[in-house]
>>> print(open('model_37.tsv').read())   # TSV, C-alpha atoms and all ligand atoms
chain	number	residue	atom	x	y	z
D	78	MET	CA	-0.39	-24.30	21.76
D	79	LYS	CA	-0.94	-26.59	18.82
D	80	PHE	CA	-1.13	-24.64	15.55
D	81	LEU	CA	-2.36	-25.85	12.21
D	82	VAL	CA	-0.30	-23.89	9.67
D	83	THR	CA	-1.33	-24.01	6.01
D	84	GLY	CA	1.41	-23.34	3.47
D	85	GLY	CA	4.11	-24.06	6.05
D	86	ALA	CA	6.59	-25.21	3.39
D	87	GLY	CA	6.46	-21.85	1.61
D	88	PHE	CA	8.63	-18.82	2.25
D	89	ILE	CA	6.71	-17.08	5.02
D	90	GLY	CA	5.23	-20.38	6.20
D	91	SER	CA	8.57	-22.13	6.73
D	92	ASN	CA	9.94	-19.16	8.66
D	93	LEU	CA	6.75	-19.13	10.75
D	94	VAL	CA	6.90	-22.88	11.48
D	95	ARG	CA	10.47	-22.47	12.70
D	96	HIS	CA	9.46	-19.52	14.90
D	97	LEU	CA	6.52	-21.42	16.42
D	98	LEU	CA	8.64	-24.48	17.21
D	99	GLU	CA	11.40	-22.34	18.70
D	100	ALA	CA	8.77	-20.69	20.92
D	101	GLY	CA	7.79	-24.13	22.21
D	102	HIS	CA	4.54	-24.61	20.27
D	103	ALA	CA	3.41	-27.68	18.36
D	104	VAL	CA	2.79	-27.41	14.61
D	105	VAL	CA	0.76	-29.37	12.08
D	106	ASN	CA	1.97	-28.16	8.70
D	107	VAL	CA	-0.50	-28.67	5.86
D	108	ASP	CA	1.10	-28.05	2.49
D	109	LYS	CA	0.33	-29.26	-1.01
D	110	LEU	CA	3.99	-28.85	-2.04
D	111	THR	CA	3.40	-26.96	-5.25
D	112	TYR	CA	6.49	-25.43	-6.85
D	113	ALA	CA	6.81	-22.79	-4.11
D	114	GLY	CA	6.35	-25.23	-1.24
D	115	ASN	CA	9.67	-26.86	-0.55
D	116	GLU	CA	10.38	-29.46	2.14
D	117	GLU	CA	14.06	-28.46	1.88
D	118	SER	CA	13.06	-25.21	3.58
D	119	LEU	CA	12.25	-27.20	6.75
D	120	ARG	CA	15.10	-29.69	6.63
D	121	ASP	CA	17.06	-27.96	9.40
D	122	LEU	CA	14.28	-28.38	11.98
D	123	GLY	CA	16.16	-31.17	13.69
D	124	ALA	CA	15.13	-34.11	15.79
D	125	HIS	CA	14.43	-32.07	18.94
D	126	HIS	CA	11.45	-30.49	17.23
D	127	SER	CA	10.08	-33.68	15.75
D	128	ALA	CA	7.78	-34.53	18.67
D	129	GLY	CA	5.91	-31.26	18.18
D	130	TYR	CA	5.93	-31.23	14.38
D	131	HIS	CA	3.72	-33.05	11.89
D	132	PHE	CA	3.67	-32.64	8.16
D	133	VAL	CA	0.50	-33.36	6.19
D	134	ARG	CA	0.76	-33.22	2.43
D	135	ALA	CA	-2.68	-32.08	1.35
D	136	ASP	CA	-4.49	-29.49	-0.74
D	137	ILE	CA	-6.65	-27.04	1.23
D	138	CYS	CA	-9.25	-27.43	-1.56
D	139	ASP	CA	-9.68	-31.09	-0.51
D	140	ALA	CA	-12.57	-30.88	1.96
D	141	GLU	CA	-12.25	-34.45	3.21
D	142	ALA	CA	-8.49	-34.19	3.74
D	143	MET	CA	-9.02	-31.00	5.74
D	144	ARG	CA	-11.80	-32.61	7.82
D	145	GLN	CA	-9.58	-35.59	8.62
D	146	THR	CA	-6.61	-33.37	9.50
D	147	PHE	CA	-8.67	-31.43	12.05
D	148	ALA	CA	-10.16	-34.64	13.49
D	149	LEU	CA	-6.76	-36.31	13.85
D	150	HIS	CA	-4.60	-33.41	15.09
D	151	LYS	CA	-7.11	-31.28	17.01
D	152	PRO	CA	-5.35	-27.89	16.65
D	153	GLU	CA	-6.06	-24.97	18.99
D	154	ALA	CA	-5.61	-22.34	16.27
D	155	VAL	CA	-5.18	-22.06	12.50
D	156	LEU	CA	-2.64	-19.84	10.76
D	157	HIS	CA	-3.72	-19.79	7.12
D	158	LEU	CA	-0.89	-18.92	4.73
D	159	ALA	CA	-1.41	-21.36	1.84
D	160	ALA	CA	-1.79	-19.28	-1.30
D	161	GLU	CA	-0.53	-18.65	-4.77
D	162	SER	CA	1.40	-15.43	-4.27
D	163	HIS	CA	3.30	-14.22	-7.33
D	164	VAL	CA	1.73	-11.28	-9.17
D	165	ASP	CA	3.46	-11.93	-12.53
D	166	ARG	CA	2.33	-15.54	-12.49
D	167	SER	CA	-1.26	-14.48	-11.72
D	168	ILE	CA	-1.23	-12.27	-14.81
D	169	GLU	CA	-0.12	-15.19	-16.99
D	170	GLY	CA	-2.45	-17.78	-15.42
D	171	PRO	CA	-5.08	-16.59	-12.94
D	172	GLY	CA	-6.95	-19.92	-12.63
D	173	GLU	CA	-4.71	-21.43	-9.94
D	174	PHE	CA	-5.06	-18.26	-7.90
D	175	ILE	CA	-8.84	-18.45	-7.88
D	176	GLN	CA	-8.70	-22.15	-7.06
D	177	THR	CA	-6.23	-22.06	-4.17
D	178	ASN	CA	-6.78	-18.59	-2.76
D	179	VAL	CA	-10.58	-18.40	-3.05
D	180	THR	CA	-11.92	-21.97	-3.23
D	181	GLY	CA	-9.15	-23.25	-0.95
D	182	THR	CA	-9.89	-20.62	1.69
D	183	PHE	CA	-13.60	-21.44	1.45
D	184	GLN	CA	-12.97	-25.17	1.97
D	185	LEU	CA	-10.59	-24.50	4.84
D	186	LEU	CA	-13.09	-22.17	6.53
D	187	GLN	CA	-15.81	-24.82	6.19
D	188	ALA	CA	-13.59	-27.55	7.65
D	189	THR	CA	-12.50	-25.23	10.47
D	190	LEU	CA	-16.09	-24.29	11.24
D	191	GLY	CA	-17.21	-27.93	11.44
D	192	TYR	CA	-14.34	-28.73	13.79
D	193	TRP	CA	-14.75	-25.55	15.89
D	194	ARG	CA	-18.45	-26.20	16.44
D	195	GLY	CA	-17.61	-29.61	17.89
D	196	MET	CA	-15.05	-28.27	20.39
D	197	GLU	CA	-15.69	-27.98	24.10
D	198	ASP	CA	-16.86	-24.56	25.25
D	199	SER	CA	-13.62	-23.23	26.72
D	200	ALA	CA	-11.48	-24.50	23.81
D	201	ARG	CA	-13.97	-23.02	21.35
D	202	GLN	CA	-13.66	-19.63	22.99
D	203	GLN	CA	-9.86	-19.72	22.89
D	204	PHE	CA	-9.73	-20.88	19.25
D	205	ARG	CA	-8.47	-18.48	16.55
D	206	PHE	CA	-8.39	-18.56	12.75
D	207	VAL	CA	-5.69	-16.15	11.56
D	208	HIS	CA	-6.09	-15.39	7.88
D	209	VAL	CA	-2.80	-14.09	6.48
D	210	SER	CA	-3.17	-11.61	3.64
D	211	THR	CA	-1.40	-8.83	1.81
D	212	ASP	CA	-1.41	-5.04	1.52
D	213	GLU	CA	-2.01	-5.48	-2.23
D	214	VAL	CA	-5.74	-5.82	-1.53
D	215	PHE	CA	-5.80	-2.05	-0.85
D	216	GLY	CA	-4.57	-1.20	-4.35
D	217	SER	CA	-1.94	1.42	-5.03
D	218	LEU	CA	-0.90	4.57	-3.17
D	219	GLY	CA	0.13	7.88	-4.71
D	220	LEU	CA	3.49	9.29	-3.66
D	221	THR	CA	2.00	11.63	-1.07
D	222	ASP	CA	-0.89	9.44	0.20
D	223	ALA	CA	-0.95	8.27	3.81
D	224	ALA	CA	0.06	4.63	4.28
D	225	PHE	CA	-2.58	1.85	4.25
D	226	ASN	CA	-4.25	1.07	7.55
D	227	GLU	CA	-7.07	-1.21	8.77
D	228	ARG	CA	-9.75	1.18	7.48
D	229	THR	CA	-8.37	1.59	3.94
D	230	PRO	CA	-11.01	0.48	1.38
D	231	TYR	CA	-10.24	-2.52	-0.79
D	232	ASN	CA	-9.19	-1.79	-4.38
D	233	PRO	CA	-7.21	-4.75	-5.77
D	234	HIS	CA	-5.80	-4.56	-9.30
D	235	SER	CA	-4.10	-7.86	-10.19
D	236	PRO	CA	-5.68	-11.32	-10.37
D	237	TYR	CA	-3.49	-12.19	-7.36
D	238	SER	CA	-4.63	-9.28	-5.20
D	239	ALA	CA	-8.27	-9.73	-6.27
D	240	SER	CA	-8.13	-13.39	-5.21
D	241	LYS	CA	-6.62	-12.44	-1.84
D	242	ALA	CA	-9.25	-9.72	-1.38
D	243	ALA	CA	-11.97	-12.31	-2.04
D	244	SER	CA	-10.44	-14.65	0.54
D	245	ASP	CA	-10.26	-11.85	3.14
D	246	HIS	CA	-13.98	-11.17	2.62
D	247	LEU	CA	-14.79	-14.88	2.98
D	248	ALA	CA	-12.83	-15.11	6.24
D	249	ARG	CA	-14.63	-12.07	7.70
D	250	ALA	CA	-17.99	-13.39	6.49
D	251	TRP	CA	-17.40	-16.68	8.37
D	252	MET	CA	-16.92	-14.61	11.52
D	253	ASP	CA	-19.91	-12.33	10.96
D	254	THR	CA	-22.24	-15.13	9.83
D	255	TYR	CA	-21.16	-18.16	11.83
D	256	GLY	CA	-19.17	-16.65	14.69
D	257	LEU	CA	-15.84	-18.31	13.78
D	258	PRO	CA	-13.18	-16.27	15.64
D	259	VAL	CA	-11.33	-14.86	12.64
D	260	ILE	CA	-8.43	-12.40	12.67
D	261	VAL	CA	-7.12	-10.97	9.36
D	262	THR	CA	-3.59	-9.67	8.87
D	263	ASN	CA	-2.40	-7.66	5.84
D	264	CYS	CA	1.36	-7.47	5.45
D	265	SER	CA	3.76	-5.51	3.28
D	266	ASN	CA	6.47	-7.10	1.06
D	267	ASN	CA	8.46	-9.75	2.94
D	268	TYR	CA	12.13	-10.57	2.43
D	269	GLY	CA	14.54	-12.97	4.10
D	270	PRO	CA	15.78	-16.58	3.96
D	271	TYR	CA	13.98	-19.21	1.85
D	272	GLN	CA	12.17	-16.83	-0.50
D	273	PHE	CA	11.47	-18.50	-3.84
D	274	PRO	CA	13.64	-16.97	-6.59
D	275	GLU	CA	10.78	-15.35	-8.50
D	276	LYS	CA	10.33	-12.35	-6.19
D	277	LEU	CA	12.45	-9.20	-6.48
D	278	VAL	CA	14.96	-9.68	-3.64
D	279	PRO	CA	16.09	-13.25	-4.47
D	280	VAL	CA	15.96	-12.48	-8.21
D	281	VAL	CA	18.42	-9.63	-7.73
D	282	ILE	CA	20.73	-11.60	-5.43
D	283	LEU	CA	20.88	-14.69	-7.63
D	284	LYS	CA	21.17	-12.81	-10.92
D	285	ALA	CA	24.00	-10.76	-9.42
D	286	LEU	CA	25.71	-13.87	-8.09
D	287	ARG	CA	25.57	-15.50	-11.51
D	288	GLY	CA	26.68	-12.38	-13.38
D	289	GLU	CA	23.40	-12.17	-15.29
D	290	SER	CA	21.40	-9.07	-16.12
D	291	ILE	CA	19.18	-7.88	-13.26
D	292	PRO	CA	15.68	-7.04	-14.58
D	293	VAL	CA	14.12	-3.87	-13.17
D	294	TYR	CA	10.56	-3.28	-14.36
D	295	GLY	CA	9.83	0.10	-15.94
D	296	LYS	CA	12.04	2.81	-14.47
D	297	GLY	CA	12.36	1.15	-11.06
D	298	GLU	CA	10.37	3.96	-9.47
D	299	ASN	CA	7.76	1.76	-7.77
D	300	ILE	CA	7.88	1.77	-3.99
D	301	ARG	CA	7.49	-1.17	-1.63
D	302	ASP	CA	7.61	-1.32	2.19
D	303	TRP	CA	10.01	-4.14	3.12
D	304	LEU	CA	9.34	-6.37	6.12
D	305	TYR	CA	11.86	-8.92	7.39
D	306	VAL	CA	10.13	-12.30	7.40
D	307	HIS	CA	11.11	-13.08	11.02
D	308	ASP	CA	9.35	-9.91	12.13
D	309	HIS	CA	6.29	-11.02	10.21
D	310	ALA	CA	6.39	-14.45	11.89
D	311	ARG	CA	6.54	-12.75	15.30
D	312	ALA	CA	3.51	-10.63	14.37
D	313	LEU	CA	1.47	-13.66	13.32
D	314	LEU	CA	2.11	-15.49	16.58
D	315	MET	CA	1.20	-12.33	18.52
D	316	ALA	CA	-1.99	-11.95	16.48
D	317	ALA	CA	-2.99	-15.53	17.34
D	318	GLU	CA	-2.15	-15.07	21.02
D	319	ARG	CA	-3.38	-11.54	21.65
D	320	GLY	CA	-5.48	-10.45	18.65
D	321	ARG	CA	-9.18	-9.78	19.02
D	322	PRO	CA	-11.54	-11.85	16.86
D	323	GLY	CA	-13.07	-9.72	14.12
D	324	GLU	CA	-10.04	-7.41	14.02
D	325	THR	CA	-7.66	-6.71	11.17
D	326	TYR	CA	-3.98	-5.93	11.77
D	327	CYS	CA	-1.76	-4.27	9.19
D	328	ILE	CA	1.82	-5.53	9.48
D	329	GLY	CA	4.58	-3.51	7.79
D	330	GLY	CA	8.31	-2.93	7.97
D	331	ASN	CA	8.17	0.88	8.11
D	332	ASN	CA	10.83	0.59	5.45
D	333	GLU	CA	9.75	2.16	2.14
D	334	ARG	CA	12.16	2.03	-0.78
D	335	GLN	CA	12.03	2.67	-4.51
D	336	ASN	CA	12.82	-0.57	-6.32
D	337	ILE	CA	15.89	0.89	-8.00
D	338	ASP	CA	17.31	2.04	-4.65
D	339	LEU	CA	16.77	-1.41	-3.16
D	340	VAL	CA	18.42	-3.06	-6.18
D	341	HIS	CA	21.44	-0.76	-5.78
D	342	LEU	CA	21.58	-1.53	-2.06
D	343	LEU	CA	21.58	-5.28	-2.75
D	344	CYS	CA	24.23	-4.85	-5.47
D	345	GLY	CA	26.40	-2.93	-3.00
D	346	ILE	CA	26.08	-5.71	-0.41
D	347	MET	CA	27.01	-8.21	-3.12
D	348	ASP	CA	30.09	-6.10	-4.05
D	349	ASP	CA	31.12	-6.38	-0.43
D	350	LEU	CA	30.33	-10.03	0.30
D	351	SER	CA	30.93	-11.62	-3.10
D	352	PRO	CA	33.00	-9.28	-5.31
D	353	ARG	CA	32.97	-9.71	-9.10
D	354	PRO	CA	36.27	-10.30	-10.92
D	355	GLU	CA	38.40	-7.30	-11.88
D	356	GLY	CA	36.58	-4.93	-9.56
D	357	ARG	CA	33.45	-4.79	-11.73
D	358	LEU	CA	30.28	-3.64	-9.98
D	359	HIS	CA	27.14	-5.75	-9.67
D	360	SER	CA	25.07	-2.64	-10.44
D	361	ASP	CA	26.49	-2.76	-14.00
D	362	LEU	CA	24.18	-5.76	-14.47
D	363	ILE	CA	20.99	-3.70	-13.91
D	364	THR	CA	18.75	-3.73	-17.00
D	365	PHE	CA	15.48	-1.82	-17.28
D	366	VAL	CA	12.85	-4.08	-18.85
D	367	LYS	CA	9.21	-3.83	-19.95
D	368	ASP	CA	6.95	-2.83	-17.07
D	369	ARG	CA	4.46	-5.19	-15.41
D	370	PRO	CA	0.89	-4.55	-16.67
D	371	GLY	CA	-1.16	-2.65	-14.07
D	372	HIS	CA	1.95	-2.23	-11.92
D	373	ASP	CA	0.95	-0.71	-8.56
D	374	LEU	CA	3.07	2.39	-7.86
D	375	ARG	CA	3.41	2.26	-4.10
D	376	TYR	CA	2.55	0.12	-1.08
D	377	ALA	CA	3.13	1.25	2.49
D	378	ILE	CA	1.70	0.11	5.81
D	379	ASN	CA	0.82	2.03	8.95
D	380	ALA	CA	1.26	-0.62	11.66
D	381	THR	CA	0.21	1.57	14.61
D	382	SER	CA	-2.73	-0.64	15.48
D	383	ALA	CA	-0.60	-3.81	15.63
D	384	GLN	CA	1.84	-1.90	17.81
D	385	ARG	CA	-0.88	-0.66	20.17
D	386	GLU	CA	-3.02	-3.81	20.40
D	387	LEU	CA	-0.47	-6.60	19.96
D	388	GLY	CA	2.65	-4.88	21.27
D	389	TRP	CA	4.36	-5.70	17.96
D	390	THR	CA	6.95	-3.63	16.20
D	391	PRO	CA	9.48	-4.67	13.56
D	392	LEU	CA	12.83	-5.33	15.26
D	393	GLU	CA	15.14	-5.97	12.32
D	394	ASP	CA	17.25	-3.06	11.17
D	395	PRO	CA	16.73	-3.00	7.37
D	396	ARG	CA	20.43	-2.74	6.52
D	397	SER	CA	21.27	-5.77	8.65
D	398	GLY	CA	18.16	-7.57	7.38
D	399	PHE	CA	19.13	-7.20	3.72
D	400	ARG	CA	22.73	-8.10	4.51
D	401	LYS	CA	21.66	-11.22	6.42
D	402	THR	CA	19.44	-12.17	3.49
D	403	VAL	CA	22.28	-11.87	0.95
D	404	ARG	CA	24.52	-13.83	3.34
D	405	TRP	CA	21.87	-16.55	3.61
D	406	TYR	CA	21.70	-17.02	-0.19
D	407	LEU	CA	25.52	-17.10	-0.35
D	408	ASP	CA	25.67	-19.71	2.43
D	409	ASN	CA	22.79	-21.86	1.17
D	410	ARG	CA	23.70	-22.50	-2.44
D	411	ALA	CA	22.34	-26.06	-2.34
D	412	TRP	CA	18.84	-24.78	-1.55
D	413	TRP	CA	18.56	-22.47	-4.56
D	414	GLU	CA	20.85	-24.41	-6.94
D	415	HIS	CA	18.43	-27.32	-6.62
D	416	ILE	CA	15.54	-25.03	-7.56
D	417	LEU	CA	17.40	-23.60	-10.54
D	418	SER	CA	18.87	-26.94	-11.62
D	419	GLY	CA	16.10	-28.03	-13.97
D	420	ASN	CA	15.48	-31.10	-11.81
D	421	TYR	CA	13.15	-29.14	-9.56
D	422	ARG	CA	9.43	-29.91	-9.86
D	423	LEU	CA	9.00	-27.53	-12.74
D	424	GLU	CA	6.26	-29.55	-14.37
D	425	ARG	CA	3.99	-28.43	-11.54
D	426	ILE	CA	4.28	-24.83	-12.67
D	427	GLY	CA	4.04	-25.60	-16.35
D	428	LEU	CA	7.61	-24.52	-17.00
D	429	ASP	CA	8.88	-27.83	-18.31
D	430	ASN	CA	9.26	-26.44	-21.82
D	431	ASN	CA	10.77	-23.22	-20.63
D	432	PRO	CA	12.56	-23.74	-17.35
D	433	ASN	CA	14.01	-20.21	-17.38
D	434	ALA	CA	10.69	-18.45	-17.75
D	435	ARG	CA	10.01	-17.33	-14.22
D	436	VAL	CA	12.81	-18.35	-11.92
D	437	ALA	CA	16.06	-16.52	-11.69
D	438	SER	CA	18.10	-18.95	-13.71
S	1	LIG	O1	12.29	-9.16	-11.61
S	1	LIG	C1	11.62	-8.28	-11.04
S	1	LIG	N1	11.87	-6.97	-11.29
S	1	LIG	C2	11.16	-5.94	-10.72
S	1	LIG	O2	11.42	-4.76	-10.98
S	1	LIG	C3	10.57	-8.62	-10.10
S	1	LIG	C4	10.26	-10.05	-9.78
S	1	LIG	C5	9.87	-7.58	-9.52
S	1	LIG	N2	10.14	-6.28	-9.82
S	1	LIG	C6	9.38	-5.21	-9.15
S	1	LIG	C7	7.87	-5.36	-9.16
S	1	LIG	C8	7.47	-4.75	-7.83
S	1	LIG	O3	7.34	-3.34	-7.95
S	1	LIG	O4	9.76	-5.28	-7.78
S	1	LIG	C9	8.64	-5.05	-6.91
S	1	LIG	C10	8.43	-6.26	-6.05
S	1	LIG	O5	7.96	-7.29	-6.90
S	1	LIG	P1	7.58	-8.74	-6.33
S	1	LIG	O6	8.73	-9.27	-5.56
S	1	LIG	O7	7.03	-9.54	-7.45
S	1	LIG	O8	6.46	-8.38	-5.26
S	1	LIG	P2	5.08	-7.55	-5.40
S	1	LIG	O9	4.54	-7.60	-6.77
S	1	LIG	O10	5.29	-6.19	-4.78
S	1	LIG	O11	4.13	-8.43	-4.48
S	1	LIG	C11	4.65	-8.90	-3.24
S	1	LIG	O12	4.17	-8.22	-2.14
S	1	LIG	C12	2.90	-8.50	-1.68
S	1	LIG	C13	4.43	-10.38	-3.13
S	1	LIG	O13	4.81	-11.03	-4.32
S	1	LIG	C14	3.04	-10.70	-2.77
S	1	LIG	O14	2.90	-12.09	-2.58
S	1	LIG	C15	2.69	-9.98	-1.53
S	1	LIG	O15	1.38	-10.24	-1.21
>>> encode(input="model_37.tsv", output="structure tokens")
Amino acid sequence: MKFLVTGGAGFIGSNLVRHLLEAGHAVVNVDKLTYAGNEESLRDLGAHHSAGYHFVRADICDAEAMRQTFALHKPEAVLHLAAESHVDRSIEGPGEFIQTNVTGTFQLLQATLGYWRGMEDSARQQFRFVHVSTDEVFGSLGLTDAAFNERTPYNPHSPYSASKAASDHLARAWMDTYGLPVIVTNCSNNYGPYQFPEKLVPVVILKALRGESIPVYGKGENIRDWLYVHDHARALLMAAERGRPGETYCIGGNNERQNIDLVHLLCGIMDDLSPRPEGRLHSDLITFVKDRPGHDLRYAINATSAQRELGWTPLEDPRSGFRKTVRWYLDNRAWWEHILSGNYRLERIGLDNNPNARVAS
């Protein structure tokens, strides 16, 4: 199949593009290359993939660019991942989140609809628009609540999660109103190779590696359900291939951990793979810092429906997944050193006066 992937130079997107190409599919990757979109994350694709891979640098908010991309490349399905995704950043500056996540999704839906309506009957019936979203739209769970599932009501708290909730509603409305075959997925926290060093897992690994204090918000008691990014990529392809239009699939790692426990686990792996001098422990670097405003206590996903309908289940053992992730950051210094170097495109995120503000430098 030929997939149009938006945000394919981002963390989940780049892992998904690689998975699609390895499975023999063709990919048109549409990415604006903001700070979190990084062509370096796709550098290893290699010549043998090049026939089936096209990169289009464009903003999903640009209606004409989207129209032209559909007309030129004629995809058979869309996997929509382009989004601003960092909660802390959305608290400091929500405007970009509304623009990309809400307006961008609207423009992409409109362009997709125009293209889809012009397709031949059989291709139109096979077509899918997979809208990739987050479990944060459901709000926060108490410690004893059942995990989120496809029927959990929306209750977003941060500007980020509110913008994703809005985009989920738009995607469903384009199905209900215009018949566009939309599938929505809501995933739990991803981890793995190529994650931008602003999210918890790469922050911990890179701070530990550089002997800097590791910031844990509040008391570290918040709980997240960790999903290896390759498992997520598998789920998205399965949703496009086997998912029913109009359905939602919750995708989770079945791997809940308190933040502080995860940070200790990562520090232990670092002690093993990259010991500090004089036998000091990486966990000595842990520092409890001011909590995030409106910090959701717990996210957890019940992925039974994805298992039953798509035949998907997470395959990665969490211990090996976290170890592989640490190993990847140790083995790919050039990738993250470039980001932390100060030469990275920081002006795009408004960090030029304060390059240490949000990345793990
Ligand atoms: O330095 C940190 N210290 C810390 O204690 C950072 C960056 C985070 N945290 C905490 C906050 C959260 O409880 O760790 C947890 C994970 O934080 P993030 O990595 O920022 O992720 P989260 O806020 O849970 O949101 C993530 O999951 C859902 C992604 O960022 C979203 O894009 C996704 O939709």
>>> closest_atom_pairs(input="model_37.tsv", of="chain D", to="ligand LIG 1 (chain S)", cutoff="7 Å", atoms="only C-alpha atoms and all ligand atoms", output="Markdown table")
| residue | atom | partner | partner_atom | distance |
| --- | --- | --- | --- | --- |
| D:Ser162 | CA | S:LIG1 | O14 | 4.0 |
| D:His163 | CA | S:LIG1 | O13 | 4.6 |
| D:Val164 | CA | S:LIG1 | O9 | 5.2 |
| D:Asp165 | CA | S:LIG1 | O7 | 6.7 |
| D:Ser210 | CA | S:LIG1 | O15 | 6.8 |
| D:Thr211 | CA | S:LIG1 | O15 | 4.3 |
| D:Asp212 | CA | S:LIG1 | C12 | 6.4 |
| D:Glu213 | CA | S:LIG1 | C12 | 5.8 |
| D:Ser265 | CA | S:LIG1 | C12 | 5.9 |
| D:Asn266 | CA | S:LIG1 | O12 | 4.1 |
| D:Asn267 | CA | S:LIG1 | O12 | 6.8 |
| D:Glu275 | CA | S:LIG1 | C4 | 5.5 |
| D:Lys276 | CA | S:LIG1 | O6 | 3.5 |
| D:Leu277 | CA | S:LIG1 | O6 | 3.8 |
| D:Val278 | CA | S:LIG1 | O6 | 6.5 |
| D:Val280 | CA | S:LIG1 | O1 | 6.0 |
| D:Pro292 | CA | S:LIG1 | O1 | 5.0 |
| D:Val293 | CA | S:LIG1 | O2 | 3.6 |
| D:Tyr294 | CA | S:LIG1 | O2 | 3.8 |
| D:Gly297 | CA | S:LIG1 | O2 | 6.0 |
| D:Asn299 | CA | S:LIG1 | O3 | 5.1 |
| D:Ile300 | CA | S:LIG1 | O3 | 6.5 |
| D:Arg301 | CA | S:LIG1 | O10 | 6.3 |
| D:Asn336 | CA | S:LIG1 | O4 | 5.8 |
| D:His372 | CA | S:LIG1 | O3 | 6.8 |
| D:Asp373 | CA | S:LIG1 | O3 | 6.9 |
>>> write_last_selection(input="model_37.tsv", atoms="C-alpha atoms", output="PDB file, in the frame of the given file")
ATOM      1  CA  SER D 162       1.400 -15.430  -4.270  1.00  0.00           C
ATOM      2  CA  HIS D 163       3.300 -14.220  -7.330  1.00  0.00           C
ATOM      3  CA  VAL D 164       1.730 -11.280  -9.170  1.00  0.00           C
ATOM      4  CA  ASP D 165       3.460 -11.930 -12.530  1.00  0.00           C
ATOM      5  CA  SER D 210      -3.170 -11.610   3.640  1.00  0.00           C
ATOM      6  CA  THR D 211      -1.400  -8.830   1.810  1.00  0.00           C
ATOM      7  CA  ASP D 212      -1.410  -5.040   1.520  1.00  0.00           C
ATOM      8  CA  GLU D 213      -2.010  -5.480  -2.230  1.00  0.00           C
ATOM      9  CA  SER D 265       3.760  -5.510   3.280  1.00  0.00           C
ATOM     10  CA  ASN D 266       6.470  -7.100   1.060  1.00  0.00           C
ATOM     11  CA  ASN D 267       8.460  -9.750   2.940  1.00  0.00           C
ATOM     12  CA  GLU D 275      10.780 -15.350  -8.500  1.00  0.00           C
ATOM     13  CA  LYS D 276      10.330 -12.350  -6.190  1.00  0.00           C
ATOM     14  CA  LEU D 277      12.450  -9.200  -6.480  1.00  0.00           C
ATOM     15  CA  VAL D 278      14.960  -9.680  -3.640  1.00  0.00           C
ATOM     16  CA  VAL D 280      15.960 -12.480  -8.210  1.00  0.00           C
ATOM     17  CA  PRO D 292      15.680  -7.040 -14.580  1.00  0.00           C
ATOM     18  CA  VAL D 293      14.120  -3.870 -13.170  1.00  0.00           C
ATOM     19  CA  TYR D 294      10.560  -3.280 -14.360  1.00  0.00           C
ATOM     20  CA  GLY D 297      12.360   1.150 -11.060  1.00  0.00           C
ATOM     21  CA  ASN D 299       7.760   1.760  -7.770  1.00  0.00           C
ATOM     22  CA  ILE D 300       7.880   1.770  -3.990  1.00  0.00           C
ATOM     23  CA  ARG D 301       7.490  -1.170  -1.630  1.00  0.00           C
ATOM     24  CA  ASN D 336      12.820  -0.570  -6.320  1.00  0.00           C
ATOM     25  CA  HIS D 372       1.950  -2.230 -11.920  1.00  0.00           C
ATOM     26  CA  ASP D 373       0.950  -0.710  -8.560  1.00  0.00           C
TER      27      ASP D 373
END
>>> residues_around(input="model_37.tsv", residues="stretch 131-140 of chain D", least_positions_apart="6", cutoff="9 Å", atoms="all atoms listed in the file", output="MDAnalysis selection string")
chainID D and resid 83 85 103:110 146 150 159 176:177 180:185 187:188
>>> closest_residue(input="model_37.tsv", among="D:Pro258, D:Asn178, D:Val155, D:Asn263", to="D:Tyr231", atoms="all atoms listed in the file")
D:Asn263
>>> residues_around(input="model_37.tsv", residues="D:Leu304", least_positions_apart="4", cutoff="8 Å", atoms="only C-alpha atoms", output="PyMOL selection string")
chain D and resi 265-268+308-309+329-332+391
>>> closest_residue(input="model_37.tsv", among="D:Leu417, D:Val82, D:Ala316, D:Pro370", to="D:His234", atoms="only C-alpha atoms")
D:Pro370
>>> closest_residue(input="model_37.tsv", among="D:Leu314, D:Leu358, D:Ala86, D:Ala248", to="D:Val261", atoms="all atoms listed in the file")
D:Ala248
>>> closest_residue(input="model_37.tsv", among="D:Ile416, D:Ala242, D:Leu342, D:Ile328", to="D:Asn226", atoms="only C-alpha atoms")
D:Ile328
>>> closest_residue(input="model_37.tsv", among="D:Asp348, D:Tyr192, D:Glu141, D:Ala411", to="D:Ala154", atoms="only C-alpha atoms")
D:Tyr192
